[in-house]
Amino acid sequence: MNFTKTTEQSSKYEHLEKMSVQELLTNINNEDKTVPHAVEKALPQIETLVTEIVAKMKLGGRLFYIGAGTSGRLGILDASECPPTFGVPFDLVVGIIAGGDTAIRKAVENAEDNATQAWIDLEAFNVNENDVVIGIAASGTTPYVIGGLQACNSKNISTGSISCNAGSPLSQTAKFPIEVIVGPEFVTGSSRMKAGTAQKLVLNMITTATMIQLGKVKGNKMVDMQLSNSKLVDRGIKMIMGEIPVTYEEGGKLLAKYGSVRKAVDNWKQ
């Protein structure tokens, strides 16, 4: 396979240690500006994967992310934000990281090199043909992630991938690959930078578009969000006031009674 890891190629910038703080920040920012354009080129791939996820979730399926290091952490971050944002069960979108939860904060040695562990980790959730499993790896070469998708493929489970190198082994493995080619990093090989930003943008798109397609947003509001703090309760009351003619106090009472903006509005009687 003719495969080049552009994420590992030498930075376009030399002698970083000689740059002023302003120069460092300006150059990092200039590189970051290129990321959304790289994501834009991948929109058709993202659309295909989101369409598959929506179809599977309508059948009762779930979405799983598997990754190592930064990629694994980004998957967990995206998964953990779906319940409070969209009011979905905590196990509808699941992030799994090589090395287990310990690896969220501290690197676990050699975890990403284990090609069989991802399937073991997925089996703990009884993953099945209604689910979608997305492997996240900037390099597109992580054995943990590739092995997990290979196992899913053999069991007719839909697989997607998010990587930042063209034609990677991961993309060759996934049924629905996404490639966001961001090029060399400002600090050579530091794929938590542009590659990580690209992955975060794609993950935002995947779950947000999916949840909207599944009816979890009304108009442009998070009507099913969890009311887990005073800021969100205040936001919820103001959403209700924007939908029906009630005072702040009345909106608060409705929200307290029904527990969500959607239910408060749907159950309100003039």
# chains A, B, ... in the order shown; residues from 1 in each chain; ligands from 1

call {"tool": "select_by_dssp", "arguments": {"residues": "region 95-260 of chain A", "states": "alpha helix (DSSP H)", "output": "NGL selection string"}}
result
:A and (102-105 or 117-123 or 143-154 or 169-173 or 194-213 or 230-243 or 248-258)

call {"tool": "select_by_dssp", "arguments": {"residues": "region 61-187 of chain A", "states": "strand (DSSP E or B)", "output": "ChimeraX atom specification"}}
result
/A:63-67,93-97,132-136,158-163,176-179

call {"tool": "write_last_selection", "arguments": {"atoms": "C-alpha atoms", "output": "PDB file, in the first residue's frame"}}
result
ATOM      1  CA  LEU A  63     -23.101   4.685  18.423  1.00  0.00           C
ATOM      2  CA  PHE A  64     -19.694   3.622  19.724  1.00  0.00           C
ATOM      3  CA  TYR A  65     -16.374   5.416  19.438  1.00  0.00           C
ATOM      4  CA  ILE A  66     -13.104   3.546  19.877  1.00  0.00           C
ATOM      5  CA  GLY A  67      -9.739   5.264  20.005  1.00  0.00           C
ATOM      6  CA  VAL A  93     -23.425   7.138  22.456  1.00  0.00           C
ATOM      7  CA  VAL A  94     -20.472   5.393  24.104  1.00  0.00           C
ATOM      8  CA  GLY A  95     -16.797   6.327  24.028  1.00  0.00           C
ATOM      9  CA  ILE A  96     -14.197   3.618  24.621  1.00  0.00           C
ATOM     10  CA  ILE A  97     -10.484   4.325  25.036  1.00  0.00           C
ATOM     11  CA  VAL A 132     -22.398   1.683  14.512  1.00  0.00           C
ATOM     12  CA  VAL A 133     -18.767   1.642  15.637  1.00  0.00           C
ATOM     13  CA  ILE A 134     -16.482   4.528  14.643  1.00  0.00           C
ATOM     14  CA  GLY A 135     -12.723   4.157  14.979  1.00  0.00           C
ATOM     15  CA  ILE A 136     -10.852   7.404  15.640  1.00  0.00           C
ATOM     16  CA  SER A 158     -21.490  -0.959  10.523  1.00  0.00           C
ATOM     17  CA  THR A 159     -18.085   0.699  10.880  1.00  0.00           C
ATOM     18  CA  GLY A 160     -16.863   4.243  10.332  1.00  0.00           C
ATOM     19  CA  SER A 161     -13.546   5.974  10.876  1.00  0.00           C
ATOM     20  CA  ILE A 162     -12.086   9.438  11.401  1.00  0.00           C
ATOM     21  CA  SER A 163      -8.447   9.851  10.428  1.00  0.00           C
ATOM     22  CA  PHE A 176     -17.707   4.493   6.037  1.00  0.00           C
ATOM     23  CA  PRO A 177     -14.312   6.241   6.291  1.00  0.00           C
ATOM     24  CA  ILE A 178     -13.834   9.952   6.898  1.00  0.00           C
ATOM     25  CA  GLU A 179     -10.458  11.486   6.036  1.00  0.00           C
TER      26      GLU A 179
END

call {"tool": "closest_residue", "arguments": {"among": "A:Ala166, A:Ala118, A:Lys106, A:Val127", "to": "Leu149 (chain A)", "atoms": "only C-alpha atoms"}}
result
A:Ala118

call {"tool": "closest_atom_pairs", "arguments": {"of": "region 12-111 of chain A", "to": "region 215-232 of chain A", "cutoff": "7 Å", "atoms": "only C-alpha atoms", "output": "JSON lines"}}
result
{"residue": "A:Pro84", "atom": "CA", "partner": "A:Gln226", "partner_atom": "CA", "distance": 4.7}
{"residue": "A:Thr85", "atom": "CA", "partner": "A:Met225", "partner_atom": "CA", "distance": 4.7}
{"residue": "A:Phe86", "atom": "CA", "partner": "A:Met225", "partner_atom": "CA", "distance": 4.8}
{"residue": "A:Gly87", "atom": "CA", "partner": "A:Met225", "partner_atom": "CA", "distance": 4.8}

call {"tool": "write_last_selection", "arguments": {"atoms": "N, CA and C atoms", "output": "tab-separated table (two decimals), in the first residue's frame"}}
result
chain	number	residue	atom	x	y	z
A	84	PRO	N	-26.54	15.29	28.46
A	84	PRO	CA	-26.99	16.60	28.95
A	84	PRO	C	-27.49	17.52	27.85
A	85	THR	N	-26.93	17.42	26.66
A	85	THR	CA	-27.33	18.31	25.57
A	85	THR	C	-28.65	17.91	24.95
A	86	PHE	N	-28.85	16.62	24.74
A	86	PHE	CA	-30.01	16.15	23.98
A	86	PHE	C	-30.98	15.29	24.79
A	87	GLY	N	-30.68	15.06	26.07
A	87	GLY	CA	-31.58	14.29	26.91
A	87	GLY	C	-31.68	12.83	26.55

call {"tool": "residues_around", "arguments": {"residues": "Asn114 (chain A)", "least_positions_apart": "5", "cutoff": "12 Å", "atoms": "only C-alpha atoms", "output": "PyMOL selection string"}}
result
chain A and resi 67-68+97-99+108-109+119-121+142-148

call {"tool": "write_last_selection", "arguments": {"atoms": "C-alpha atoms", "output": "tab-separated table (two decimals), in the first residue's frame"}}
result
chain	number	residue	atom	x	y	z
A	67	GLY	CA	-9.74	5.26	20.01
A	68	ALA	CA	-6.41	5.60	21.79
A	97	ILE	CA	-10.48	4.32	25.04
A	98	ALA	CA	-7.57	1.90	24.76
A	99	GLY	CA	-6.36	1.17	28.27
A	108	VAL	CA	-1.41	3.45	29.44
A	109	GLU	CA	1.71	1.85	28.00
A	119	TRP	CA	-13.47	-6.09	20.45
A	120	ILE	CA	-13.28	-7.35	24.03
A	121	ASP	CA	-14.13	-3.84	25.22
A	142	THR	CA	-3.57	2.34	15.45
A	143	PRO	CA	-3.80	-1.47	15.92
A	144	TYR	CA	-6.38	-1.21	18.73
A	145	VAL	CA	-8.74	0.72	16.48
A	146	ILE	CA	-8.15	-1.23	13.27
A	147	GLY	CA	-8.54	-4.56	15.08
A	148	GLY	CA	-11.82	-3.41	16.60

call {"tool": "closest_residue", "arguments": {"among": "A:Ala138, A:Ile212, A:Glu52, A:Gly251", "to": "Lys175 (chain A)", "atoms": "only C-alpha atoms"}}
result
A:Glu52

call {"tool": "closest_residue", "arguments": {"among": "A:Pro245, A:Gly69, A:Pro36, A:Pro89", "to": "Ser191 (chain A)", "atoms": "only C-alpha atoms"}}
result
A:Gly69
